[in-house]
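Working notes, structure below.
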Amino acid sequence: MQAIDFNDGWSYRHLDADESFTAVRLPHDAMIGEPRHEDAPGGVNTGWFDGRDYEYVKTYAPGPELAGRLLLLEFEGVYHNAEVWVDGAQLVFRPYGYTNFRVDVTDALAAGEPHEIRVVARNADQPNSRWYSGAGIYRPVTLWAGDAGHILPDGITVRTVSATPLPADGPADAVKADAVIEASIETTASGTVAIDIIDTSGAVVANAQAVTRDIQPTGRGGEADVVPQGALAAALDAGANAVAVARIEVPDAALWDCDHPNLYRCVVRFAGDDGSRDESETTFGVRTLAWGDDGLLLNGRRVIIQGACIHHDNGVLGACAYADAVERKVRLLRACGYNAVRSAHNPCSRALLDVCDRLGVLVMDEYIDHWYIHKTQHDYVDYFNDWWRRDLNDMVRKDRSHPSVVLYSTGNEVSETAQPKGIALTQAMTDHLHGLDPTRPVTCGVNIFFNFLSSIGMGVYSDDKAAKEAAEAEKRRAAGESQKKHKAVGSEFFNNMAGLLGADFMKTGATLPFCDWKTRDAFAAMDVAGYNYGIKRYRHDLKAYPHRLILGSETFCSDAYKFRELAKHNPRIVGDFVWAGIDYLGEVGIGSWEYTDYAPEFSGFGWLSAGSGRLDLTGRPLGEALYTRVALEAEQGPLMAVCPVNHTGDKHSPSSWKMSNAIDSWSWNGCEGRKANVEVYARAATVALVLNDREVGRKAMRDDCIARFTCTYEPGVLEAVSYDESGQEIGRCRLTSASEETMLVAEVESVNGALTAAAFAGYGTDGSGRSQMSTESETAAPDGVTPLDDNHRDISVQPGHLCYVRLRYTDANGITKPLERGRIAVTVEGGKLLGLGCAAPYNRDSFVSGETGTYYGEALAVVEAPRPQDGAVPEPITLTANDGNHSTTLVVPVR
């Protein structure tokens, strides 16, 4: 079918207000522009944003070329309880806010006539999420047009049946195999299909033809021996009447893996018996996936998942699923040593899967955060039982041909798995996913300790607690009392407790025998047992359950080294996902170490983000990111970071999800004579700390790759030197202090989704402004580190794409000055300022106001380049930033 971009021409307004419509282009997050206040019912969950209901409208007249054609309108994501209306008639209702869905509008849209398309998105039913959800039509919309007989959108599935590796006679990136793939094509009519397999050069490397077979109402088709029955039933539910299956030999195929993300296109031409015609395609990778006692095998070789959990929001852009924003996020995480992401806790966007395919990043594809027990009063529980099968159908159909997807997850911290009813549901969901796609293992993230607490009536979540929380919040609002006086319950209560008791609170609790008793039956109903914060159980359970595969489905950053060492010697430990890879909106403060200069209160209104990312909200790598690179052996080190010297010894907000608040800077102007806490990350026998050519400390590395030093701060050059067992130097890094003068600089950090050298700039030591994170930038594979241009010249943004601009207070050498603060106003000509903000977890600013404070010397602006108009040459983007004392202007070409 023909895909028509349907994102222009929309307007929106509040559903319950008599107000004018505002023109928008999709994707659009209506929540990010709402006021934040201490009476917001979403409270700590959503970052104190107001919750409202919205209506979107678009007037559309199909052109004459669409007369007589079948029309399907696809929404990739509407949050939530979406209704789609055409000319006053409701066509569909879809409650889950994270699944894609389609609406048949053939009979509703007559060619040549204007029609009103109206979408209702509800978000006033607060609280409905444990994190910032966003609201509205936050992912793209597509109009599909085709003949009555056509290939269904997402109706092409390609899987690798076998791949026999060929002898390696070339470079490592030329991994080849004689492969057999299977292509399944779902159509709405009987006919024939012609299939071409095309490589990246555009050459047809294999082809085949097949005849479609009718799908019987029972879900059985003529090719039922090779097509899973659940997949046939889902195809029938999606509108397919027939399926064609072809096995195709692809000789000398380039395999897909993390280091060699080779892709092919499967182009299918359909000729219906009724005379209808259609052409469609999908992208896929040739790769095999297996799991068992030898671990997770990709193309027959063990792969260790070293992943990061991510939420769906994109920082200062809110929930808007811009493809460039998603690609930038993945590239930044890839640069930190992560080879996988977990879509926590909802189905991910098409954009995420596309970029993970291209960059060789593995994906744990997760469905939901709860099952039948409420976590918040107005979450999806009331719809779950009636919709989970349909939701999973749509998720798998969208994602099944992506080689990056290696795991399905049915949920996150669902304490239902401690109950007989929940154990049965675990098995039912696993079986359903196997029926849809038997080529991937199924897991579920289970907090082992919380399952035990739930079984004795002390659960984190319950319907009663959710109802009580909502009722008490409403009572306070009615009485005019502040929401910040509320009593923490549910996840907020346990997050607070974990912050006070430390990371070992859950990990040690998970070692209790009772925790094993309350998880083993649910784990037996999965292919891979998902342990949230259960690393202290790994050794015991590997012996107790000799065929159990263990996944750290949610873990602490401080366990990265321990995980890596365990996994290297125990293949049944298949991987790890840290909470979290990059900071996210909502669930405020759970991972933050803040001081009173940035957070006058350690709880309550004003907090905006979780603060628990190895990258902060703007994507800047923290010291924890440097530690992760070394712990996961992405590099040997040494790398180095320093805790804020101006706060040495000061009290900070509590959190178990923060390993350290160090950043890679030795520019603490005005802190001379104060104690400095320095962290060095290295895989070495010993490391030494050298300050201005004087060795101030030396330590042996034991059972981790981090050494902590204390020295007296003085400006100059701080170096870390690593040594092997024989005392030979094997590595060195340095941090240099900034000079006294202060400048405001603006640098392009990312364009069109790719990163420039400025992505990791500002904390460097050689006068270039380049940080430790970019030490391998000129030789790295496509891992997100490679800069577009080391000298920041000739960087241009494509029309309609995004340009990320990092604003920094620096000295003349470009070294960031983290103690400089200011309020920066930004204006943009020749483009649209989509978002502006800083990474402060406590932040009362709006990202849509055009003004922001800074956080440790930095802020971030995101600009959209204008779209092409009738062949006109687009004007360059001019961004001006001014804080009243400093000003800078940046000009970025658009071409």
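Residue numbering restarts at 1 for every chain of the structure tokens, chains are lettered A, B, ... in their displayed order, and ligands are numbered from 1 as they appear.
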Quick one: everything within 10 Å of range 649-661 of chain A, counting only C-alpha atoms, minus sequence neighbours fewer than 5 positions away in the same chain. Send it as a PDB file with N, CA, C and O atoms, in the first residue's frame.
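File result.pdb, as written:
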ATOM      1  N   ASN A 495      10.392   3.565  46.798  1.00  0.00           N
ATOM      2  CA  ASN A 495      11.523   4.312  46.254  1.00  0.00           C
ATOM      3  C   ASN A 495      12.183   5.160  47.343  1.00  0.00           C
ATOM      4  O   ASN A 495      13.412   5.236  47.439  1.00  0.00           O
ATOM      5  N   ASN A 496      11.350   5.805  48.166  1.00  0.00           N
ATOM      6  CA  ASN A 496      11.882   6.603  49.266  1.00  0.00           C
ATOM      7  C   ASN A 496      12.637   5.730  50.257  1.00  0.00           C
ATOM      8  O   ASN A 496      13.712   6.097  50.753  1.00  0.00           O
ATOM      9  N   MET A 497      12.051   4.561  50.568  1.00  0.00           N
ATOM     10  CA  MET A 497      12.704   3.649  51.504  1.00  0.00           C
ATOM     11  C   MET A 497      14.043   3.170  50.953  1.00  0.00           C
ATOM     12  O   MET A 497      15.050   3.112  51.671  1.00  0.00           O
ATOM     13  N   ALA A 498      14.066   2.825  49.659  1.00  0.00           N
ATOM     14  CA  ALA A 498      15.310   2.371  49.041  1.00  0.00           C
ATOM     15  C   ALA A 498      16.358   3.475  49.075  1.00  0.00           C
ATOM     16  O   ALA A 498      17.550   3.218  49.267  1.00  0.00           O
ATOM     17  N   GLY A 499      15.923   4.716  48.888  1.00  0.00           N
ATOM     18  CA  GLY A 499      16.853   5.823  48.938  1.00  0.00           C
ATOM     19  C   GLY A 499      17.490   5.974  50.301  1.00  0.00           C
ATOM     20  O   GLY A 499      18.676   6.299  50.424  1.00  0.00           O
ATOM     21  N   LEU A 500      16.714   5.718  51.344  1.00  0.00           N
ATOM     22  CA  LEU A 500      17.220   5.855  52.704  1.00  0.00           C
ATOM     23  C   LEU A 500      18.066   4.655  53.130  1.00  0.00           C
ATOM     24  O   LEU A 500      19.068   4.801  53.824  1.00  0.00           O
ATOM     25  N   LEU A 501      17.671   3.451  52.703  1.00  0.00           N
ATOM     26  CA  LEU A 501      18.341   2.227  53.145  1.00  0.00           C
ATOM     27  C   LEU A 501      19.471   1.799  52.228  1.00  0.00           C
ATOM     28  O   LEU A 501      20.281   0.946  52.593  1.00  0.00           O
ATOM     29  N   GLY A 502      19.521   2.338  51.011  1.00  0.00           N
ATOM     30  CA  GLY A 502      20.606   2.014  50.100  1.00  0.00           C
ATOM     31  C   GLY A 502      20.262   0.922  49.118  1.00  0.00           C
ATOM     32  O   GLY A 502      19.239   0.230  49.244  1.00  0.00           O
ATOM     33  N   ALA A 503      21.147   0.736  48.135  1.00  0.00           N
ATOM     34  CA  ALA A 503      20.893  -0.198  47.042  1.00  0.00           C
ATOM     35  C   ALA A 503      20.768  -1.636  47.523  1.00  0.00           C
ATOM     36  O   ALA A 503      20.090  -2.448  46.898  1.00  0.00           O
ATOM     37  N   ASP A 504      21.439  -1.978  48.634  1.00  0.00           N
ATOM     38  CA  ASP A 504      21.389  -3.360  49.109  1.00  0.00           C
ATOM     39  C   ASP A 504      20.026  -3.738  49.686  1.00  0.00           C
ATOM     40  O   ASP A 504      19.774  -4.919  49.941  1.00  0.00           O
ATOM     41  N   PHE A 505      19.180  -2.758  49.916  1.00  0.00           N
ATOM     42  CA  PHE A 505      17.857  -3.016  50.492  1.00  0.00           C
ATOM     43  C   PHE A 505      17.100  -4.078  49.703  1.00  0.00           C
ATOM     44  O   PHE A 505      16.642  -5.084  50.240  1.00  0.00           O
ATOM     45  N   MET A 506      16.974  -3.889  48.386  1.00  0.00           N
ATOM     46  CA  MET A 506      16.241  -4.859  47.568  1.00  0.00           C
ATOM     47  C   MET A 506      17.100  -6.066  47.224  1.00  0.00           C
ATOM     48  O   MET A 506      16.604  -7.202  47.180  1.00  0.00           O
ATOM     49  N   THR A 555      18.622  -3.200  36.962  1.00  0.00           N
ATOM     50  CA  THR A 555      19.764  -3.301  37.860  1.00  0.00           C
ATOM     51  C   THR A 555      20.295  -1.926  38.219  1.00  0.00           C
ATOM     52  O   THR A 555      19.925  -0.915  37.623  1.00  0.00           O
ATOM     53  N   PHE A 556      21.200  -1.928  39.212  1.00  0.00           N
ATOM     54  CA  PHE A 556      21.871  -0.701  39.617  1.00  0.00           C
ATOM     55  C   PHE A 556      23.175  -0.523  38.830  1.00  0.00           C
ATOM     56  O   PHE A 556      23.866  -1.498  38.524  1.00  0.00           O
ATOM     57  N   CYS A 557      23.532   0.732  38.581  1.00  0.00           N
ATOM     58  CA  CYS A 557      24.764   1.043  37.864  1.00  0.00           C
ATOM     59  C   CYS A 557      25.980   0.472  38.578  1.00  0.00           C
ATOM     60  O   CYS A 557      26.911  -0.036  37.945  1.00  0.00           O
ATOM     61  N   SER A 558      25.986   0.507  39.901  1.00  0.00           N
ATOM     62  CA  SER A 558      27.146   0.072  40.668  1.00  0.00           C
ATOM     63  C   SER A 558      27.424  -1.417  40.525  1.00  0.00           C
ATOM     64  O   SER A 558      28.493  -1.892  40.924  1.00  0.00           O
ATOM     65  N   ASP A 559      26.480  -2.179  39.951  1.00  0.00           N
ATOM     66  CA  ASP A 559      26.668  -3.621  39.767  1.00  0.00           C
ATOM     67  C   ASP A 559      27.181  -3.986  38.377  1.00  0.00           C
ATOM     68  O   ASP A 559      27.273  -5.163  38.036  1.00  0.00           O
ATOM     69  N   VAL A 578      20.505  -1.681  32.983  1.00  0.00           N
ATOM     70  CA  VAL A 578      20.644  -0.753  34.091  1.00  0.00           C
ATOM     71  C   VAL A 578      19.444   0.187  34.133  1.00  0.00           C
ATOM     72  O   VAL A 578      18.875   0.542  33.102  1.00  0.00           O
ATOM     73  N   TRP A 579      19.056   0.543  35.368  1.00  0.00           N
ATOM     74  CA  TRP A 579      18.056   1.604  35.519  1.00  0.00           C
ATOM     75  C   TRP A 579      18.782   2.875  35.943  1.00  0.00           C
ATOM     76  O   TRP A 579      19.287   2.965  37.050  1.00  0.00           O
ATOM     77  N   ALA A 580      18.813   3.871  35.070  1.00  0.00           N
ATOM     78  CA  ALA A 580      18.320   3.887  33.699  1.00  0.00           C
ATOM     79  C   ALA A 580      19.470   4.399  32.842  1.00  0.00           C
ATOM     80  O   ALA A 580      20.444   4.962  33.348  1.00  0.00           O
ATOM     81  N   GLY A 589      12.942  12.425  41.165  1.00  0.00           N
ATOM     82  CA  GLY A 589      13.931  12.393  42.223  1.00  0.00           C
ATOM     83  C   GLY A 589      14.440  11.039  42.662  1.00  0.00           C
ATOM     84  O   GLY A 589      15.310  10.976  43.524  1.00  0.00           O
ATOM     85  N   ILE A 590      13.944   9.935  42.068  1.00  0.00           N
ATOM     86  CA  ILE A 590      14.315   8.632  42.616  1.00  0.00           C
ATOM     87  C   ILE A 590      15.794   8.319  42.430  1.00  0.00           C
ATOM     88  O   ILE A 590      16.358   7.520  43.167  1.00  0.00           O
ATOM     89  N   GLY A 591      16.434   8.943  41.432  1.00  0.00           N
ATOM     90  CA  GLY A 591      17.836   8.647  41.182  1.00  0.00           C
ATOM     91  C   GLY A 591      18.722   9.856  41.311  1.00  0.00           C
ATOM     92  O   GLY A 591      19.797   9.914  40.705  1.00  0.00           O
ATOM     93  N   SER A 592      18.311  10.827  42.096  1.00  0.00           N
ATOM     94  CA  SER A 592      19.022  12.108  42.106  1.00  0.00           C
ATOM     95  C   SER A 592      19.768  12.325  43.415  1.00  0.00           C
ATOM     96  O   SER A 592      19.241  12.076  44.499  1.00  0.00           O
ATOM     97  N   TRP A 593      21.015  12.800  43.297  1.00  0.00           N
ATOM     98  CA  TRP A 593      21.750  13.355  44.429  1.00  0.00           C
ATOM     99  C   TRP A 593      21.818  14.854  44.194  1.00  0.00           C
ATOM    100  O   TRP A 593      22.635  15.340  43.419  1.00  0.00           O
ATOM    101  N   GLU A 594      20.960  15.591  44.855  1.00  0.00           N
ATOM    102  CA  GLU A 594      20.908  17.039  44.673  1.00  0.00           C
ATOM    103  C   GLU A 594      21.236  17.761  45.963  1.00  0.00           C
ATOM    104  O   GLU A 594      20.991  17.247  47.069  1.00  0.00           O
ATOM    105  N   TYR A 595      21.759  18.956  45.821  1.00  0.00           N
ATOM    106  CA  TYR A 595      22.068  19.819  46.953  1.00  0.00           C
ATOM    107  C   TYR A 595      21.109  21.002  46.950  1.00  0.00           C
ATOM    108  O   TYR A 595      20.403  21.262  45.972  1.00  0.00           O
ATOM    109  N   THR A 596      21.112  21.747  48.055  1.00  0.00           N
ATOM    110  CA  THR A 596      20.104  22.797  48.219  1.00  0.00           C
ATOM    111  C   THR A 596      20.294  23.957  47.263  1.00  0.00           C
ATOM    112  O   THR A 596      19.372  24.760  47.091  1.00  0.00           O
ATOM    113  N   ALA A 599      18.229  22.345  44.510  1.00  0.00           N
ATOM    114  CA  ALA A 599      16.950  21.774  44.962  1.00  0.00           C
ATOM    115  C   ALA A 599      16.692  22.238  46.390  1.00  0.00           C
ATOM    116  O   ALA A 599      17.123  21.585  47.348  1.00  0.00           O
ATOM    117  N   GLU A 601      14.237  22.015  48.196  1.00  0.00           N
ATOM    118  CA  GLU A 601      13.523  20.984  48.940  1.00  0.00           C
ATOM    119  C   GLU A 601      13.873  19.629  48.329  1.00  0.00           C
ATOM    120  O   GLU A 601      13.982  19.498  47.111  1.00  0.00           O
ATOM    121  N   PHE A 602      14.019  18.620  49.173  1.00  0.00           N
ATOM    122  CA  PHE A 602      14.399  17.303  48.693  1.00  0.00           C
ATOM    123  C   PHE A 602      13.197  16.448  48.314  1.00  0.00           C
ATOM    124  O   PHE A 602      13.335  15.269  47.988  1.00  0.00           O
ATOM    125  N   SER A 603      12.005  17.010  48.347  1.00  0.00           N
ATOM    126  CA  SER A 603      10.816  16.307  47.872  1.00  0.00           C
ATOM    127  C   SER A 603       9.751  17.346  47.560  1.00  0.00           C
ATOM    128  O   SER A 603       9.863  18.499  47.947  1.00  0.00           O
ATOM    129  N   ALA A 610      13.541  12.079  37.041  1.00  0.00           N
ATOM    130  CA  ALA A 610      13.952  11.045  37.988  1.00  0.00           C
ATOM    131  C   ALA A 610      15.379  11.249  38.461  1.00  0.00           C
ATOM    132  O   ALA A 610      15.730  10.891  39.582  1.00  0.00           O
ATOM    133  N   GLY A 611      16.231  11.785  37.583  1.00  0.00           N
ATOM    134  CA  GLY A 611      17.629  11.986  37.949  1.00  0.00           C
ATOM    135  C   GLY A 611      18.441  10.714  37.982  1.00  0.00           C
ATOM    136  O   GLY A 611      19.525  10.687  38.556  1.00  0.00           O
ATOM    137  N   SER A 612      17.947   9.638  37.369  1.00  0.00           N
ATOM    138  CA  SER A 612      18.608   8.339  37.518  1.00  0.00           C
ATOM    139  C   SER A 612      19.263   7.851  36.235  1.00  0.00           C
ATOM    140  O   SER A 612      19.406   6.646  36.039  1.00  0.00           O
ATOM    141  N   GLY A 613      19.677   8.741  35.362  1.00  0.00           N
ATOM    142  CA  GLY A 613      20.313   8.313  34.125  1.00  0.00           C
ATOM    143  C   GLY A 613      21.826   8.345  34.218  1.00  0.00           C
ATOM    144  O   GLY A 613      22.405   9.171  34.932  1.00  0.00           O
ATOM    145  N   ARG A 614      22.470   7.433  33.486  1.00  0.00           N
ATOM    146  CA  ARG A 614      23.919   7.526  33.327  1.00  0.00           C
ATOM    147  C   ARG A 614      24.243   8.697  32.417  1.00  0.00           C
ATOM    148  O   ARG A 614      25.340   9.254  32.459  1.00  0.00           O
ATOM    149  N   LEU A 622      27.565  11.349  32.352  1.00  0.00           N
ATOM    150  CA  LEU A 622      28.039  11.614  33.703  1.00  0.00           C
ATOM    151  C   LEU A 622      29.190  10.667  34.033  1.00  0.00           C
ATOM    152  O   LEU A 622      29.543   9.792  33.244  1.00  0.00           O
ATOM    153  N   GLY A 623      29.768  10.827  35.226  1.00  0.00           N
ATOM    154  CA  GLY A 623      30.837   9.932  35.628  1.00  0.00           C
ATOM    155  C   GLY A 623      30.399   8.476  35.592  1.00  0.00           C
ATOM    156  O   GLY A 623      31.188   7.581  35.273  1.00  0.00           O
ATOM    157  N   GLU A 624      29.142   8.219  35.900  1.00  0.00           N
ATOM    158  CA  GLU A 624      28.621   6.851  35.853  1.00  0.00           C
ATOM    159  C   GLU A 624      28.689   6.276  34.441  1.00  0.00           C
ATOM    160  O   GLU A 624      28.839   5.069  34.265  1.00  0.00           O
ATOM    161  N   TYR A 627      32.277   5.154  34.049  1.00  0.00           N
ATOM    162  CA  TYR A 627      32.426   3.890  34.776  1.00  0.00           C
ATOM    163  C   TYR A 627      31.829   2.729  33.975  1.00  0.00           C
ATOM    164  O   TYR A 627      32.438   1.659  33.870  1.00  0.00           O
ATOM    165  N   ALA A 641      36.443  11.107  36.875  1.00  0.00           N
ATOM    166  CA  ALA A 641      35.404  12.083  37.168  1.00  0.00           C
ATOM    167  C   ALA A 641      35.568  12.561  38.609  1.00  0.00           C
ATOM    168  O   ALA A 641      36.189  11.880  39.436  1.00  0.00           O
ATOM    169  N   VAL A 642      34.968  13.716  38.904  1.00  0.00           N
ATOM    170  CA  VAL A 642      35.150  14.369  40.197  1.00  0.00           C
ATOM    171  C   VAL A 642      33.784  14.764  40.751  1.00  0.00           C
ATOM    172  O   VAL A 642      32.960  15.347  40.040  1.00  0.00           O
ATOM    173  N   CYS A 643      33.555  14.432  42.027  1.00  0.00           N
ATOM    174  CA  CYS A 643      32.325  14.874  42.677  1.00  0.00           C
ATOM    175  C   CYS A 643      32.381  16.394  42.859  1.00  0.00           C
ATOM    176  O   CYS A 643      33.470  16.958  43.079  1.00  0.00           O
ATOM    177  N   PRO A 644      31.241  17.085  42.765  1.00  0.00           N
ATOM    178  CA  PRO A 644      31.262  18.553  42.857  1.00  0.00           C
ATOM    179  C   PRO A 644      32.030  19.027  44.093  1.00  0.00           C
ATOM    180  O   PRO A 644      31.624  18.786  45.231  1.00  0.00           O
ATOM    181  N   LYS A 675      38.522  19.826  49.968  1.00  0.00           N
ATOM    182  CA  LYS A 675      38.733  18.425  49.633  1.00  0.00           C
ATOM    183  C   LYS A 675      37.972  18.069  48.362  1.00  0.00           C
ATOM    184  O   LYS A 675      36.833  18.497  48.172  1.00  0.00           O
ATOM    185  N   ALA A 676      38.629  17.303  47.513  1.00  0.00           N
ATOM    186  CA  ALA A 676      38.006  16.846  46.268  1.00  0.00           C
ATOM    187  C   ALA A 676      37.974  15.321  46.268  1.00  0.00           C
ATOM    188  O   ALA A 676      38.995  14.672  46.549  1.00  0.00           O
ATOM    189  N   ASN A 677      36.812  14.766  45.954  1.00  0.00           N
ATOM    190  CA  ASN A 677      36.656  13.322  45.827  1.00  0.00           C
ATOM    191  C   ASN A 677      36.723  12.958  44.350  1.00  0.00           C
ATOM    192  O   ASN A 677      35.878  13.399  43.561  1.00  0.00           O
ATOM    193  N   GLU A 679      37.193  10.011  41.267  1.00  0.00           N
ATOM    194  CA  GLU A 679      36.975   8.621  40.902  1.00  0.00           C
ATOM    195  C   GLU A 679      37.747   8.313  39.618  1.00  0.00           C
ATOM    196  O   GLU A 679      37.663   9.078  38.646  1.00  0.00           O
TER     197      GLU A 679
END
Worksheet entry | Contact residues around range 888-890 of chain A with only C-alpha atoms at 8 Å, ignoring same-chain residues under 6 positions, as a ChimeraX atom specification | /A:744-747,878-882
Worksheet item: If we count only C-alpha atoms, what is near range 417-428 of chain A at a cut-off of 12 Å, once residues fewer than 4 positions away on the same chain are taken out, given as a ChimeraX atom specification?
Response: /A:370-373,384-385,388-389,392,409-413,432-435,442-457,459,514-527,529-530
Worksheet entry | Atomic distance CA of His378 in chain A - CA of Asp583 in chain A, expressed in Å with one decimal |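 Here the two named atoms are 24.7 Å from each other.
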Discussion item. Using Å and a single decimal, report how far CA of Ile151 in chain A sits from CA of Ala271 in chain A.
Written reply: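 Computing the Euclidean distance for CA of Ala271 in chain A and CA of Ile151 in chain A yields 9.9 Å.
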Item to complete: In Å, rounded to a single decimal, give me how far CA of His540 in chain A is from CA of Ile304 in chain A.
Response: 20.0 Å
Worksheet entry | Contacts of Thr511 in chain A within 6 Å, only C-alpha atoms, excl. fewer than 2 positions in-chain, as a list in words | Thr508, Gly509 and Arg537 of chain A
Next, the residues of the selection above should be written as a tab-separated table (two decimals), in the first residue's frame with N, CA and C atoms.
chain	number	residue	atom	x	y	z
A	508	THR	N	19.59	-7.52	48.87
A	508	THR	CA	19.73	-8.45	49.99
A	508	THR	C	18.40	-9.10	50.32
A	509	GLY	N	17.34	-8.31	50.27
A	509	GLY	CA	16.01	-8.88	50.52
A	509	GLY	C	15.68	-10.00	49.55
A	537	ARG	N	21.21	-13.13	43.97
A	537	ARG	CA	20.65	-14.47	43.84
A	537	ARG	C	21.30	-15.26	42.71
Practice prompt. Using only C-alpha atoms, determine which residues lie at most 10 Å from Phe284 in chain A, disregarding the query and same-chain residues fewer than 4 positions distant; provide the list as an MDAnalysis selection string.
Written response: chainID A and resid 157:160 197 256 262:266 354 357 400:404
Practice prompt. Just the residues within 9 Å of Ala3 in chain A, please, counting only C-alpha atoms, with nothing from its chain fewer than 5 positions along; format it as a list in words.
Written response: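 Near Ala3 in chain A, the qualifying residues are Thr142, Leu143, Trp144 and Ala145 of chain A.
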Take the residues just selected and output them with N, CA and C atoms as a PDB file, in the first residue's frame.
ATOM      1  N   THR A 142      -0.035   7.944   9.657  1.00  0.00           N
ATOM      2  CA  THR A 142       0.139   7.618   8.242  1.00  0.00           C
ATOM      3  C   THR A 142      -1.204   7.232   7.641  1.00  0.00           C
ATOM      4  N   LEU A 143      -1.470   7.715   6.432  1.00  0.00           N
ATOM      5  CA  LEU A 143      -2.630   7.270   5.662  1.00  0.00           C
ATOM      6  C   LEU A 143      -2.145   6.253   4.639  1.00  0.00           C
ATOM      7  N   TRP A 144      -2.708   5.049   4.703  1.00  0.00           N
ATOM      8  CA  TRP A 144      -2.371   3.988   3.758  1.00  0.00           C
ATOM      9  C   TRP A 144      -3.448   3.903   2.691  1.00  0.00           C
ATOM     10  N   ALA A 145      -3.029   3.856   1.436  1.00  0.00           N
ATOM     11  CA  ALA A 145      -3.976   3.784   0.325  1.00  0.00           C
ATOM     12  C   ALA A 145      -3.600   2.627  -0.589  1.00  0.00           C
TER      13      ALA A 145
END
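Using only C-alpha atoms for every distance, the candidate list A:Val175, A:Ala242, A:Leu236, A:Val751 yields A:Val751 as the residue closest to Ser796 in chain A.
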Worksheet item: For Arg102 in chain A, which residue out of A:Gly77, A:Gly731, A:Pro874, A:Pro799 is the nearest one, using only C-alpha atoms?
Response: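 Checking each candidate against Arg102 in chain A, we get A:Gly77 as the closest.
Using only C-alpha atoms for every distance, the candidate list A:Arg708, A:Arg674, A:Arg342, A:Arg620 yields A:Arg342 as the residue closest to Asp576 in chain A.
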Practice prompt. May I have all residues of range 483-710 of chain A that DSSP, computed from the backbone, assigns to strand (DSSP E), given as a PyMOL selection string?
Written response: chain A and resi 529-532+550-555+573-578+639-642+675-681+686-691+694-700+706-710
